[in-house]
Structures are given as structure tokens and as C-alpha cells.
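Okay, final-v7.txt is below, compact mmCIF, N, CA and C atoms:
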# COMPACT_ATOMS: atom_id res chain seq x y z
N MET A 1 -17.33 5.56 10.72
CA MET A 1 -16.45 6.05 9.68
C MET A 1 -17.06 5.80 8.30
N GLU A 2 -18.07 4.92 8.25
CA GLU A 2 -18.68 4.59 6.97
C GLU A 2 -19.19 5.83 6.27
N GLY A 3 -18.79 5.97 5.00
CA GLY A 3 -19.21 7.12 4.20
C GLY A 3 -18.35 8.36 4.40
N ALA A 4 -17.50 8.35 5.41
CA ALA A 4 -16.66 9.53 5.69
C ALA A 4 -15.33 9.48 4.94
N VAL A 5 -15.05 8.32 4.33
CA VAL A 5 -13.78 8.12 3.64
C VAL A 5 -14.07 7.55 2.26
N VAL A 6 -13.31 8.01 1.28
CA VAL A 6 -13.40 7.46 -0.07
C VAL A 6 -12.01 6.95 -0.46
N ILE A 7 -11.98 5.82 -1.16
CA ILE A 7 -10.73 5.24 -1.63
C ILE A 7 -10.64 5.48 -3.13
N ARG A 8 -9.53 6.04 -3.58
CA ARG A 8 -9.34 6.29 -5.00
C ARG A 8 -8.00 5.72 -5.46
N ILE A 9 -7.99 5.16 -6.67
CA ILE A 9 -6.74 4.82 -7.34
C ILE A 9 -6.31 6.09 -8.05
N VAL A 10 -5.10 6.57 -7.75
CA VAL A 10 -4.66 7.87 -8.26
C VAL A 10 -3.38 7.75 -9.08
N ASP A 11 -3.17 8.74 -9.93
CA ASP A 11 -1.93 8.88 -10.71
C ASP A 11 -1.02 9.93 -10.11
N ALA A 12 -1.55 10.72 -9.17
CA ALA A 12 -0.78 11.79 -8.54
C ALA A 12 -1.47 12.15 -7.22
N TRP A 13 -0.67 12.65 -6.28
CA TRP A 13 -1.22 13.13 -5.01
C TRP A 13 -0.21 14.08 -4.38
N ASP A 14 -0.65 14.90 -3.47
CA ASP A 14 0.21 15.84 -2.77
C ASP A 14 1.38 15.11 -2.12
N GLN A 15 2.61 15.47 -2.51
CA GLN A 15 3.77 14.72 -2.03
C GLN A 15 3.98 14.84 -0.53
N GLU A 16 3.65 15.97 0.06
CA GLU A 16 3.81 16.12 1.51
C GLU A 16 2.88 15.17 2.27
N GLU A 17 1.67 14.99 1.76
CA GLU A 17 0.74 14.06 2.41
C GLU A 17 1.24 12.62 2.29
N ILE A 18 1.80 12.26 1.14
CA ILE A 18 2.32 10.91 0.96
C ILE A 18 3.54 10.68 1.85
N VAL A 19 4.42 11.67 1.95
CA VAL A 19 5.57 11.56 2.85
C VAL A 19 5.09 11.39 4.29
N HIS A 20 4.06 12.13 4.67
CA HIS A 20 3.49 12.01 6.02
C HIS A 20 3.00 10.58 6.28
N LEU A 21 2.36 9.97 5.29
CA LEU A 21 1.89 8.60 5.43
C LEU A 21 3.07 7.63 5.52
N TYR A 22 4.08 7.83 4.69
CA TYR A 22 5.27 6.96 4.78
C TYR A 22 5.94 7.09 6.14
N ARG A 23 5.98 8.29 6.67
CA ARG A 23 6.55 8.47 8.02
C ARG A 23 5.70 7.73 9.06
N ALA A 24 4.38 7.79 8.93
CA ALA A 24 3.49 7.11 9.87
C ALA A 24 3.72 5.60 9.83
N GLY A 25 4.11 5.08 8.67
CA GLY A 25 4.41 3.67 8.55
C GLY A 25 5.82 3.32 9.00
N GLY A 26 6.64 4.34 9.25
CA GLY A 26 8.02 4.12 9.66
C GLY A 26 8.94 3.80 8.51
N TRP A 27 8.56 4.15 7.30
CA TRP A 27 9.31 3.76 6.11
C TRP A 27 10.06 4.91 5.44
N TRP A 28 9.89 6.12 5.89
CA TRP A 28 10.54 7.26 5.24
C TRP A 28 11.87 7.57 5.93
N LYS A 29 12.91 7.66 5.15
CA LYS A 29 14.23 8.01 5.68
C LYS A 29 14.53 9.46 5.32
N ASP A 30 15.23 10.14 6.21
CA ASP A 30 15.52 11.56 6.01
C ASP A 30 16.24 11.84 4.70
N GLU A 31 17.04 10.87 4.23
CA GLU A 31 17.78 11.10 2.99
C GLU A 31 16.93 10.94 1.73
N TYR A 32 15.71 10.44 1.87
CA TYR A 32 14.83 10.32 0.71
C TYR A 32 14.41 11.70 0.22
N ASP A 33 14.23 11.84 -1.06
CA ASP A 33 13.84 13.10 -1.68
C ASP A 33 12.32 13.13 -1.86
N PRO A 34 11.63 14.04 -1.18
CA PRO A 34 10.17 14.12 -1.36
C PRO A 34 9.78 14.36 -2.82
N GLY A 35 10.69 14.94 -3.60
CA GLY A 35 10.42 15.18 -5.01
C GLY A 35 10.29 13.90 -5.82
N SER A 36 10.66 12.75 -5.23
CA SER A 36 10.54 11.48 -5.94
C SER A 36 9.14 10.87 -5.81
N VAL A 37 8.29 11.44 -4.97
CA VAL A 37 6.96 10.88 -4.74
C VAL A 37 6.13 10.78 -6.02
N PRO A 38 6.10 11.81 -6.88
CA PRO A 38 5.31 11.65 -8.12
C PRO A 38 5.76 10.46 -8.96
N ASP A 39 7.06 10.22 -9.06
CA ASP A 39 7.56 9.07 -9.82
C ASP A 39 7.19 7.76 -9.13
N LEU A 40 7.23 7.75 -7.81
CA LEU A 40 6.84 6.55 -7.04
C LEU A 40 5.39 6.19 -7.33
N ILE A 41 4.53 7.18 -7.34
CA ILE A 41 3.10 6.94 -7.61
C ILE A 41 2.91 6.46 -9.05
N ARG A 42 3.51 7.18 -10.00
CA ARG A 42 3.35 6.80 -11.41
C ARG A 42 3.98 5.44 -11.72
N GLY A 43 5.04 5.08 -11.00
CA GLY A 43 5.72 3.81 -11.22
C GLY A 43 5.00 2.62 -10.62
N SER A 44 3.98 2.87 -9.85
CA SER A 44 3.19 1.79 -9.25
C SER A 44 2.13 1.33 -10.25
N PHE A 45 1.80 0.05 -10.23
CA PHE A 45 0.71 -0.44 -11.06
C PHE A 45 -0.60 0.18 -10.59
N ALA A 46 -0.75 0.28 -9.28
CA ALA A 46 -1.92 0.92 -8.68
C ALA A 46 -1.48 1.60 -7.40
N PHE A 47 -1.94 2.81 -7.19
CA PHE A 47 -1.65 3.56 -5.97
C PHE A 47 -2.99 4.05 -5.43
N ALA A 48 -3.37 3.53 -4.27
CA ALA A 48 -4.66 3.88 -3.67
C ALA A 48 -4.47 4.85 -2.52
N VAL A 49 -5.35 5.83 -2.44
CA VAL A 49 -5.34 6.80 -1.36
C VAL A 49 -6.71 6.78 -0.69
N ALA A 50 -6.69 6.72 0.65
CA ALA A 50 -7.91 6.87 1.43
C ALA A 50 -8.03 8.34 1.78
N ILE A 51 -9.15 8.94 1.41
CA ILE A 51 -9.33 10.38 1.56
C ILE A 51 -10.44 10.66 2.56
N ASP A 52 -10.12 11.49 3.54
CA ASP A 52 -11.11 11.95 4.51
C ASP A 52 -12.00 12.95 3.77
N LYS A 53 -13.27 12.62 3.59
CA LYS A 53 -14.18 13.49 2.83
C LYS A 53 -14.33 14.86 3.47
N LYS A 54 -14.20 14.92 4.78
CA LYS A 54 -14.38 16.18 5.49
C LYS A 54 -13.26 17.18 5.17
N THR A 55 -12.03 16.67 5.10
CA THR A 55 -10.88 17.56 4.91
C THR A 55 -10.28 17.49 3.51
N GLY A 56 -10.53 16.39 2.81
CA GLY A 56 -9.92 16.18 1.50
C GLY A 56 -8.49 15.68 1.57
N HIS A 57 -8.01 15.41 2.78
CA HIS A 57 -6.63 14.95 2.96
C HIS A 57 -6.53 13.43 2.95
N ALA A 58 -5.34 12.96 2.53
CA ALA A 58 -5.07 11.52 2.54
C ALA A 58 -4.84 11.07 3.97
N ILE A 59 -5.53 10.00 4.36
CA ILE A 59 -5.36 9.44 5.71
C ILE A 59 -4.84 8.00 5.65
N GLY A 60 -4.69 7.49 4.45
CA GLY A 60 -4.16 6.15 4.26
C GLY A 60 -3.76 5.94 2.82
N MET A 61 -2.99 4.88 2.58
CA MET A 61 -2.57 4.59 1.22
C MET A 61 -2.11 3.14 1.14
N GLY A 62 -1.92 2.69 -0.07
CA GLY A 62 -1.33 1.39 -0.37
C GLY A 62 -1.05 1.37 -1.85
N ARG A 63 -0.17 0.45 -2.26
CA ARG A 63 0.12 0.38 -3.68
C ARG A 63 0.40 -1.05 -4.09
N VAL A 64 0.35 -1.27 -5.40
CA VAL A 64 0.67 -2.56 -5.99
C VAL A 64 1.79 -2.36 -6.99
N LEU A 65 2.79 -3.23 -6.92
CA LEU A 65 3.83 -3.31 -7.92
C LEU A 65 3.51 -4.50 -8.80
N SER A 66 3.55 -4.32 -10.11
CA SER A 66 3.20 -5.39 -11.04
C SER A 66 3.62 -5.00 -12.45
N ASP A 67 3.77 -6.03 -13.30
CA ASP A 67 3.97 -5.76 -14.72
C ASP A 67 2.63 -5.58 -15.42
N GLY A 68 1.55 -5.78 -14.69
CA GLY A 68 0.21 -5.63 -15.26
C GLY A 68 -0.29 -6.86 -16.00
N ILE A 69 0.49 -7.94 -15.98
CA ILE A 69 0.12 -9.15 -16.71
C ILE A 69 -0.10 -10.33 -15.77
N SER A 70 0.87 -10.56 -14.87
CA SER A 70 0.80 -11.78 -14.07
C SER A 70 0.68 -11.48 -12.58
N ASP A 71 1.81 -11.32 -11.91
CA ASP A 71 1.80 -11.18 -10.45
C ASP A 71 1.66 -9.73 -10.01
N GLY A 72 1.09 -9.55 -8.82
CA GLY A 72 1.01 -8.25 -8.19
C GLY A 72 1.45 -8.36 -6.74
N TYR A 73 2.12 -7.34 -6.27
CA TYR A 73 2.61 -7.32 -4.90
C TYR A 73 2.10 -6.06 -4.20
N ILE A 74 1.32 -6.26 -3.15
CA ILE A 74 0.83 -5.13 -2.36
C ILE A 74 1.93 -4.70 -1.41
N GLN A 75 2.13 -3.41 -1.31
CA GLN A 75 3.08 -2.91 -0.32
C GLN A 75 2.69 -1.50 0.10
N ASP A 76 3.37 -1.05 1.13
CA ASP A 76 3.21 0.32 1.64
C ASP A 76 1.78 0.63 2.09
N LEU A 77 1.12 -0.35 2.68
CA LEU A 77 -0.23 -0.14 3.21
C LEU A 77 -0.11 0.51 4.59
N VAL A 78 -0.70 1.68 4.72
CA VAL A 78 -0.66 2.39 6.00
C VAL A 78 -1.91 3.26 6.13
N VAL A 79 -2.37 3.37 7.36
CA VAL A 79 -3.45 4.28 7.72
C VAL A 79 -2.94 5.09 8.91
N LEU A 80 -3.20 6.38 8.91
CA LEU A 80 -2.76 7.22 10.03
C LEU A 80 -3.30 6.65 11.34
N PRO A 81 -2.50 6.69 12.40
CA PRO A 81 -2.90 6.06 13.68
C PRO A 81 -4.28 6.44 14.17
N GLU A 82 -4.65 7.70 14.05
CA GLU A 82 -5.95 8.13 14.57
C GLU A 82 -7.14 7.61 13.76
N PHE A 83 -6.89 7.00 12.60
CA PHE A 83 -7.96 6.47 11.75
C PHE A 83 -7.94 4.94 11.68
N ARG A 84 -7.07 4.31 12.43
CA ARG A 84 -6.96 2.85 12.38
C ARG A 84 -8.12 2.18 13.12
N LYS A 85 -8.30 0.91 12.83
CA LYS A 85 -9.35 0.07 13.44
C LYS A 85 -10.76 0.52 13.03
N LYS A 86 -10.86 1.11 11.83
CA LYS A 86 -12.16 1.58 11.34
C LYS A 86 -12.50 0.98 9.98
N GLY A 87 -11.69 0.00 9.53
CA GLY A 87 -11.96 -0.66 8.26
C GLY A 87 -11.34 0.00 7.04
N ILE A 88 -10.59 1.07 7.25
CA ILE A 88 -10.01 1.80 6.11
C ILE A 88 -8.93 0.97 5.41
N GLY A 89 -8.08 0.32 6.18
CA GLY A 89 -7.05 -0.53 5.58
C GLY A 89 -7.67 -1.63 4.72
N LYS A 90 -8.74 -2.22 5.22
CA LYS A 90 -9.46 -3.26 4.47
C LYS A 90 -10.00 -2.69 3.16
N GLU A 91 -10.53 -1.48 3.20
CA GLU A 91 -11.05 -0.84 1.99
C GLU A 91 -9.93 -0.57 0.98
N ILE A 92 -8.77 -0.15 1.48
CA ILE A 92 -7.64 0.10 0.58
C ILE A 92 -7.22 -1.20 -0.10
N VAL A 93 -7.07 -2.27 0.68
CA VAL A 93 -6.71 -3.57 0.10
C VAL A 93 -7.76 -4.00 -0.91
N GLY A 94 -9.04 -3.81 -0.60
CA GLY A 94 -10.11 -4.17 -1.52
C GLY A 94 -10.02 -3.41 -2.84
N ALA A 95 -9.70 -2.13 -2.77
CA ALA A 95 -9.56 -1.32 -3.98
C ALA A 95 -8.38 -1.79 -4.82
N LEU A 96 -7.26 -2.09 -4.16
CA LEU A 96 -6.08 -2.57 -4.88
C LEU A 96 -6.36 -3.94 -5.49
N PHE A 97 -6.98 -4.83 -4.72
CA PHE A 97 -7.32 -6.16 -5.21
C PHE A 97 -8.26 -6.06 -6.42
N GLY A 98 -9.27 -5.23 -6.31
CA GLY A 98 -10.20 -5.04 -7.42
C GLY A 98 -9.52 -4.53 -8.68
N HIS A 99 -8.61 -3.59 -8.52
CA HIS A 99 -7.87 -3.05 -9.66
C HIS A 99 -7.07 -4.16 -10.33
N CYS A 100 -6.43 -5.00 -9.53
CA CYS A 100 -5.63 -6.11 -10.07
C CYS A 100 -6.51 -7.14 -10.79
N THR A 101 -7.57 -7.57 -10.14
CA THR A 101 -8.39 -8.62 -10.73
C THR A 101 -9.08 -8.13 -12.00
N ARG A 102 -9.46 -6.86 -12.07
CA ARG A 102 -10.05 -6.33 -13.30
C ARG A 102 -9.03 -6.35 -14.44
N ALA A 103 -7.74 -6.29 -14.11
CA ALA A 103 -6.68 -6.35 -15.12
C ALA A 103 -6.28 -7.79 -15.42
N GLY A 104 -6.91 -8.76 -14.76
CA GLY A 104 -6.61 -10.16 -15.00
C GLY A 104 -5.50 -10.73 -14.13
N ILE A 105 -5.07 -9.97 -13.15
CA ILE A 105 -4.02 -10.43 -12.24
C ILE A 105 -4.68 -11.16 -11.08
N SER A 106 -4.35 -12.44 -10.93
CA SER A 106 -4.97 -13.21 -9.86
C SER A 106 -3.96 -13.67 -8.80
N TRP A 107 -2.65 -13.57 -9.07
CA TRP A 107 -1.62 -13.90 -8.07
C TRP A 107 -1.23 -12.59 -7.42
N ILE A 108 -1.71 -12.39 -6.19
CA ILE A 108 -1.46 -11.14 -5.47
C ILE A 108 -0.85 -11.50 -4.13
N GLY A 109 0.37 -11.05 -3.90
CA GLY A 109 1.07 -11.36 -2.67
C GLY A 109 1.49 -10.12 -1.93
N LEU A 110 2.03 -10.34 -0.74
CA LEU A 110 2.57 -9.25 0.05
C LEU A 110 3.47 -9.85 1.12
N ILE A 111 4.30 -9.02 1.70
CA ILE A 111 5.09 -9.42 2.86
C ILE A 111 4.54 -8.62 4.03
N ALA A 112 3.95 -9.33 4.98
CA ALA A 112 3.33 -8.68 6.13
C ALA A 112 4.39 -8.45 7.21
N GLU A 113 4.28 -7.33 7.87
CA GLU A 113 5.15 -7.08 9.02
C GLU A 113 4.73 -8.02 10.15
N PRO A 114 5.69 -8.45 10.97
CA PRO A 114 5.34 -9.34 12.08
C PRO A 114 4.20 -8.75 12.93
N GLY A 115 3.25 -9.60 13.25
CA GLY A 115 2.14 -9.18 14.08
C GLY A 115 0.94 -8.65 13.29
N THR A 116 1.06 -8.54 11.96
CA THR A 116 -0.07 -8.02 11.17
C THR A 116 -0.83 -9.12 10.43
N GLU A 117 -0.43 -10.37 10.66
CA GLU A 117 -1.10 -11.47 9.97
C GLU A 117 -2.60 -11.49 10.25
N SER A 118 -3.00 -11.13 11.46
CA SER A 118 -4.42 -11.16 11.82
C SER A 118 -5.23 -10.12 11.05
N PHE A 119 -4.58 -9.12 10.50
CA PHE A 119 -5.27 -8.16 9.63
C PHE A 119 -5.48 -8.77 8.24
N TYR A 120 -4.44 -9.40 7.70
CA TYR A 120 -4.48 -9.89 6.32
C TYR A 120 -5.21 -11.21 6.14
N GLN A 121 -5.16 -12.10 7.12
CA GLN A 121 -5.76 -13.41 6.94
C GLN A 121 -7.28 -13.37 6.70
N PRO A 122 -8.05 -12.54 7.40
CA PRO A 122 -9.49 -12.47 7.08
C PRO A 122 -9.78 -11.93 5.67
N LEU A 123 -8.77 -11.30 5.06
CA LEU A 123 -8.93 -10.79 3.70
C LEU A 123 -8.57 -11.83 2.64
N GLY A 124 -8.17 -13.04 3.10
CA GLY A 124 -7.87 -14.12 2.18
C GLY A 124 -6.39 -14.41 1.98
N PHE A 125 -5.51 -13.69 2.64
CA PHE A 125 -4.08 -13.93 2.51
C PHE A 125 -3.64 -15.03 3.47
N ARG A 126 -2.77 -15.89 3.01
CA ARG A 126 -2.26 -17.00 3.81
C ARG A 126 -0.74 -17.04 3.73
N PRO A 127 -0.09 -17.56 4.77
CA PRO A 127 1.36 -17.75 4.68
C PRO A 127 1.69 -18.68 3.52
N MET A 128 2.80 -18.41 2.86
CA MET A 128 3.24 -19.24 1.74
C MET A 128 4.20 -20.29 2.30
N LYS A 129 3.66 -21.44 2.63
CA LYS A 129 4.46 -22.52 3.20
C LYS A 129 5.59 -22.89 2.24
N GLY A 130 6.78 -23.04 2.81
CA GLY A 130 7.92 -23.44 2.01
C GLY A 130 8.63 -22.30 1.32
N TYR A 131 8.17 -21.07 1.50
CA TYR A 131 8.81 -19.91 0.89
C TYR A 131 9.34 -18.99 1.98
N VAL A 132 10.43 -18.33 1.70
CA VAL A 132 11.05 -17.43 2.65
C VAL A 132 11.29 -16.10 1.96
N PRO A 133 10.74 -15.01 2.49
CA PRO A 133 11.04 -13.71 1.88
C PRO A 133 12.51 -13.37 2.11
N LEU A 134 13.14 -12.83 1.09
CA LEU A 134 14.55 -12.47 1.17
C LEU A 134 14.71 -11.01 0.76
N LEU A 135 15.73 -10.39 1.29
CA LEU A 135 16.04 -9.00 0.98
C LEU A 135 17.52 -8.87 0.69
N TRP A 136 17.85 -8.27 -0.43
CA TRP A 136 19.24 -8.03 -0.78
C TRP A 136 19.79 -6.95 0.14
N THR A 137 21.00 -7.16 0.61
CA THR A 137 21.68 -6.14 1.42
C THR A 137 22.94 -5.73 0.70
N SER A 138 23.39 -4.55 0.97
CA SER A 138 24.50 -3.99 0.20
C SER A 138 25.86 -4.53 0.63
N ASP A 139 25.91 -5.49 1.54
CA ASP A 139 27.21 -6.00 1.97
C ASP A 139 27.84 -6.92 0.93
N ARG A 140 27.09 -7.34 -0.05
CA ARG A 140 27.63 -8.19 -1.13
C ARG A 140 27.06 -7.74 -2.46
N PRO A 141 27.91 -7.44 -3.40
CA PRO A 141 27.38 -7.04 -4.73
C PRO A 141 26.82 -8.26 -5.48
N CYS A 142 25.86 -8.04 -6.29
CA CYS A 142 25.29 -9.13 -7.11
C CYS A 142 26.27 -9.57 -8.17
As C-alpha cells:
Amino acid sequence: MEGAVVIRIVDAWDQEEIVHLYRAGGWWKDEYDPGSVPDLIRGSFAFAVAIDKKTGHAIGMGRVLSDGISDGYIQDLVVLPEFRKKGIGKEIVGALFGHCTRAGISWIGLIAEPGTESFYQPLGFRPMKGYVPLLWTSDRPC
């Protein structure tokens, strides 16, 4: 796969391709508006797309949420199933990490899905002992 894929930090991308990637990750809900994809990309500190050089289509993506000053959070990392296990996810993380560190952001975290720790740990990510990720649910108003 080496040389067949290029990773780019983008400000825009074809919304149907991004929706396809979100579906591949299991994160797209039918009620979501595909028209919101451009805002999602622009609202990210960094949005990386893995592009198949042969077709020009996106085969993977990831993004960072950050204020651009201190912390960065990687999320939505996905590679299409037929392109997995070829180092593309690692390249996407590397591009996002590089974008952050060039901006002076050195605290970069993520919440890994169960069973994916073996992917992230060789890239330098470690469990945060003593911390518990939490998610707000709509059963109680803030």
C-alpha cells in the first residue's frame, strides 16, 4: 500500500464520502443531515483524509478537536474495512499528531473503543490511570 495513499489535512471534502466513512465506523445516524459535513470539517482543528491515489476517493479519515492552544482530542478515526491493516490509520494519526505539535499542542488524547488499545499503544498512547471517560446523557439536564 506504500505510496498508493496520501494523507491530507483538508478544509473541505465530498460530503457523501465522509458520510460513507462515518457509516463504516458505525457513527452515522439516519437522522443526521449530510449537509452538516462541511461545518463538521471546518469546525475541526484538523481534519485528515486518506486518499487512494488510484481513484482519488477518501478511504479513511480522522480529526482533532482543539482550541489550537493547549489540548487536542483525536476522534473519528476510521479506515474502510478493505483498506485496514495496511498502516493507513497510523499515517492518519501521524498527520494529525504532526499538525498539533507544529501548532505547539503537546497534550493529545483520545477515547479508544474497547479492543483498539493495541492499535494506539505502539503510537505512544497510554491509558490515563485514575481518569474515567464520561458522557452526558439526555436523561438529566445540566
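Here atom CA of A:Ala50 and atom CA of A:Met128 stand 28.4 Å from one another.
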If you measure from atom CA of A:Asp14 to atom CA of A:Leu96, what distance in Å do you get, rounded to one decimal?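 Those two atoms sit 19.6 Å apart.
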Any chance you could list, as a PyMOL selection string, the residues in chain A that come up strand (DSSP E or B) when DSSP is run on the backbone? chain A and resi 5-9+46-52+58-66+71-79+107-110
Can you tell me how far atom CA of A:Ile88 sits from atom CA of A:Val5, in Å to one decimal?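 Separation between atom CA of A:Ile88 and atom CA of A:Val5: 7.8 Å.
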If you run DSSP on the backbone here, which positions in chain A get helix (DSSP H, G or I)? Please write them as a count of residues only. 45
Taking into account all atoms listed in the file, which residue in the set A:Val19, A:Leu77, A:Val6, A:Ala12 is nearest to A:Asp52?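 Answer, going by the shortest atom-to-atom distance: A:Val6.
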Have a look at A:Asp76, A:Asp30, A:Glu91, A:Glu82 and name the one nearest to A:Ile7; count all atoms listed in the file.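 Ranking A:Asp76, A:Asp30, A:Glu91, A:Glu82 by distance to A:Ile7, first place goes to A:Glu91.
For the residues A:Tyr120, A:Trp13, A:Phe97, A:Phe45, ranking by smallest atom-to-atom distance to A:Leu65 using all atoms listed in the file places A:Phe45 first.
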So, counting all atoms listed in the file, which residue among A:Ile111, A:Tyr32, A:Gln15, A:Leu80 is closest to A:Pro133?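 Once distances to A:Pro133 are computed over all atoms listed in the file, the minimum belongs to A:Ile111.
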Distance cut-off 8 Å, centre (-3.9, -6.0, -10.6) in file coordinates, counting only C-alpha atoms: which residues qualify? Return them as a PDB file with N, CA and C atoms, keeping the file's coordinate frame.
ATOM      1  N   PHE A  45       1.800   0.050 -10.230  1.00  0.00           N
ATOM      2  CA  PHE A  45       0.710  -0.440 -11.060  1.00  0.00           C
ATOM      3  C   PHE A  45      -0.600   0.180 -10.590  1.00  0.00           C
ATOM      4  N   ALA A  46      -0.750   0.280  -9.280  1.00  0.00           N
ATOM      5  CA  ALA A  46      -1.920   0.920  -8.680  1.00  0.00           C
ATOM      6  C   ALA A  46      -1.480   1.600  -7.400  1.00  0.00           C
ATOM      7  N   VAL A  64       0.350  -1.270  -5.400  1.00  0.00           N
ATOM      8  CA  VAL A  64       0.670  -2.560  -5.990  1.00  0.00           C
ATOM      9  C   VAL A  64       1.790  -2.360  -6.990  1.00  0.00           C
ATOM     10  N   SER A  66       3.550  -4.320 -10.110  1.00  0.00           N
ATOM     11  CA  SER A  66       3.200  -5.390 -11.040  1.00  0.00           C
ATOM     12  C   SER A  66       3.620  -5.000 -12.450  1.00  0.00           C
ATOM     13  N   GLY A  68       1.550  -5.780 -14.690  1.00  0.00           N
ATOM     14  CA  GLY A  68       0.210  -5.630 -15.260  1.00  0.00           C
ATOM     15  C   GLY A  68      -0.290  -6.860 -16.000  1.00  0.00           C
ATOM     16  N   ILE A  69       0.490  -7.940 -15.980  1.00  0.00           N
ATOM     17  CA  ILE A  69       0.120  -9.150 -16.710  1.00  0.00           C
ATOM     18  C   ILE A  69      -0.100 -10.330 -15.770  1.00  0.00           C
ATOM     19  N   ASP A  71       1.810 -11.320 -11.910  1.00  0.00           N
ATOM     20  CA  ASP A  71       1.800 -11.180 -10.450  1.00  0.00           C
ATOM     21  C   ASP A  71       1.660  -9.730 -10.010  1.00  0.00           C
ATOM     22  N   GLY A  72       1.090  -9.550  -8.820  1.00  0.00           N
ATOM     23  CA  GLY A  72       1.010  -8.250  -8.190  1.00  0.00           C
ATOM     24  C   GLY A  72       1.450  -8.360  -6.740  1.00  0.00           C
ATOM     25  N   LEU A  96      -7.260  -2.090  -4.160  1.00  0.00           N
ATOM     26  CA  LEU A  96      -6.080  -2.570  -4.880  1.00  0.00           C
ATOM     27  C   LEU A  96      -6.360  -3.940  -5.490  1.00  0.00           C
ATOM     28  N   PHE A  97      -6.980  -4.830  -4.720  1.00  0.00           N
ATOM     29  CA  PHE A  97      -7.320  -6.160  -5.210  1.00  0.00           C
ATOM     30  C   PHE A  97      -8.260  -6.060  -6.420  1.00  0.00           C
ATOM     31  N   GLY A  98      -9.270  -5.230  -6.310  1.00  0.00           N
ATOM     32  CA  GLY A  98     -10.200  -5.040  -7.420  1.00  0.00           C
ATOM     33  C   GLY A  98      -9.520  -4.530  -8.680  1.00  0.00           C
ATOM     34  N   HIS A  99      -8.610  -3.590  -8.520  1.00  0.00           N
ATOM     35  CA  HIS A  99      -7.870  -3.050  -9.660  1.00  0.00           C
ATOM     36  C   HIS A  99      -7.070  -4.160 -10.330  1.00  0.00           C
ATOM     37  N   CYS A 100      -6.430  -5.000  -9.530  1.00  0.00           N
ATOM     38  CA  CYS A 100      -5.630  -6.110 -10.070  1.00  0.00           C
ATOM     39  C   CYS A 100      -6.510  -7.140 -10.790  1.00  0.00           C
ATOM     40  N   THR A 101      -7.570  -7.570 -10.140  1.00  0.00           N
ATOM     41  CA  THR A 101      -8.390  -8.620 -10.730  1.00  0.00           C
ATOM     42  C   THR A 101      -9.080  -8.130 -12.000  1.00  0.00           C
ATOM     43  N   ARG A 102      -9.460  -6.860 -12.070  1.00  0.00           N
ATOM     44  CA  ARG A 102     -10.050  -6.330 -13.300  1.00  0.00           C
ATOM     45  C   ARG A 102      -9.030  -6.350 -14.440  1.00  0.00           C
ATOM     46  N   ALA A 103      -7.740  -6.290 -14.110  1.00  0.00           N
ATOM     47  CA  ALA A 103      -6.680  -6.350 -15.120  1.00  0.00           C
ATOM     48  C   ALA A 103      -6.280  -7.790 -15.420  1.00  0.00           C
ATOM     49  N   GLY A 104      -6.910  -8.760 -14.760  1.00  0.00           N
ATOM     50  CA  GLY A 104      -6.610 -10.160 -15.000  1.00  0.00           C
ATOM     51  C   GLY A 104      -5.500 -10.730 -14.130  1.00  0.00           C
ATOM     52  N   ILE A 105      -5.070  -9.970 -13.150  1.00  0.00           N
ATOM     53  CA  ILE A 105      -4.020 -10.430 -12.240  1.00  0.00           C
ATOM     54  C   ILE A 105      -4.680 -11.160 -11.080  1.00  0.00           C
ATOM     55  N   SER A 106      -4.350 -12.440 -10.930  1.00  0.00           N
ATOM     56  CA  SER A 106      -4.970 -13.210  -9.860  1.00  0.00           C
ATOM     57  C   SER A 106      -3.960 -13.670  -8.800  1.00  0.00           C
ATOM     58  N   ILE A 108      -1.710 -12.390  -6.190  1.00  0.00           N
ATOM     59  CA  ILE A 108      -1.460 -11.140  -5.470  1.00  0.00           C
ATOM     60  C   ILE A 108      -0.850 -11.500  -4.130  1.00  0.00           C
TER      61      ILE A 108
END
What would the file be for stretch 3-14 of chain A if you keep N, CA and C atoms and write it as a PDB file, in the first residue's frame?
ATOM      1  N   GLY A   3       2.851   4.314  -0.811  1.00  0.00           N
ATOM      2  CA  GLY A   3       2.838   5.165  -1.990  1.00  0.00           C
ATOM      3  C   GLY A   3       1.500   5.210  -2.708  1.00  0.00           C
ATOM      4  N   ALA A   4       0.584   4.323  -2.351  1.00  0.00           N
ATOM      5  CA  ALA A   4      -0.721   4.286  -3.023  1.00  0.00           C
ATOM      6  C   ALA A   4      -1.746   5.184  -2.350  1.00  0.00           C
ATOM      7  N   VAL A   5      -1.387   5.690  -1.161  1.00  0.00           N
ATOM      8  CA  VAL A   5      -2.301   6.512  -0.380  1.00  0.00           C
ATOM      9  C   VAL A   5      -1.575   7.774   0.048  1.00  0.00           C
ATOM     10  N   VAL A   6      -2.285   8.888   0.027  1.00  0.00           N
ATOM     11  CA  VAL A   6      -1.744  10.147   0.527  1.00  0.00           C
ATOM     12  C   VAL A   6      -2.680  10.647   1.626  1.00  0.00           C
ATOM     13  N   ILE A   7      -2.091  11.224   2.677  1.00  0.00           N
ATOM     14  CA  ILE A   7      -2.866  11.777   3.779  1.00  0.00           C
ATOM     15  C   ILE A   7      -2.803  13.293   3.665  1.00  0.00           C
ATOM     16  N   ARG A   8      -3.958  13.935   3.695  1.00  0.00           N
ATOM     17  CA  ARG A   8      -4.012  15.395   3.616  1.00  0.00           C
ATOM     18  C   ARG A   8      -4.866  15.949   4.749  1.00  0.00           C
ATOM     19  N   ILE A   9      -4.437  17.082   5.297  1.00  0.00           N
ATOM     20  CA  ILE A   9      -5.277  17.862   6.200  1.00  0.00           C
ATOM     21  C   ILE A   9      -6.100  18.760   5.288  1.00  0.00           C
ATOM     22  N   VAL A  10      -7.435  18.664   5.407  1.00  0.00           N
ATOM     23  CA  VAL A  10      -8.312  19.364   4.465  1.00  0.00           C
ATOM     24  C   VAL A  10      -9.254  20.321   5.188  1.00  0.00           C
ATOM     25  N   ASP A  11      -9.745  21.294   4.436  1.00  0.00           N
ATOM     26  CA  ASP A  11     -10.775  22.229   4.916  1.00  0.00           C
ATOM     27  C   ASP A  11     -12.141  21.870   4.368  1.00  0.00           C
ATOM     28  N   ALA A  12     -12.170  20.964   3.389  1.00  0.00           N
ATOM     29  CA  ALA A  12     -13.427  20.547   2.761  1.00  0.00           C
ATOM     30  C   ALA A  12     -13.195  19.203   2.080  1.00  0.00           C
ATOM     31  N   TRP A  13     -14.276  18.428   1.953  1.00  0.00           N
ATOM     32  CA  TRP A  13     -14.207  17.164   1.227  1.00  0.00           C
ATOM     33  C   TRP A  13     -15.618  16.773   0.821  1.00  0.00           C
ATOM     34  N   ASP A  14     -15.742  15.903  -0.148  1.00  0.00           N
ATOM     35  CA  ASP A  14     -17.034  15.424  -0.621  1.00  0.00           C
ATOM     36  C   ASP A  14     -17.843  14.853   0.541  1.00  0.00           C
TER      37      ASP A  14
END
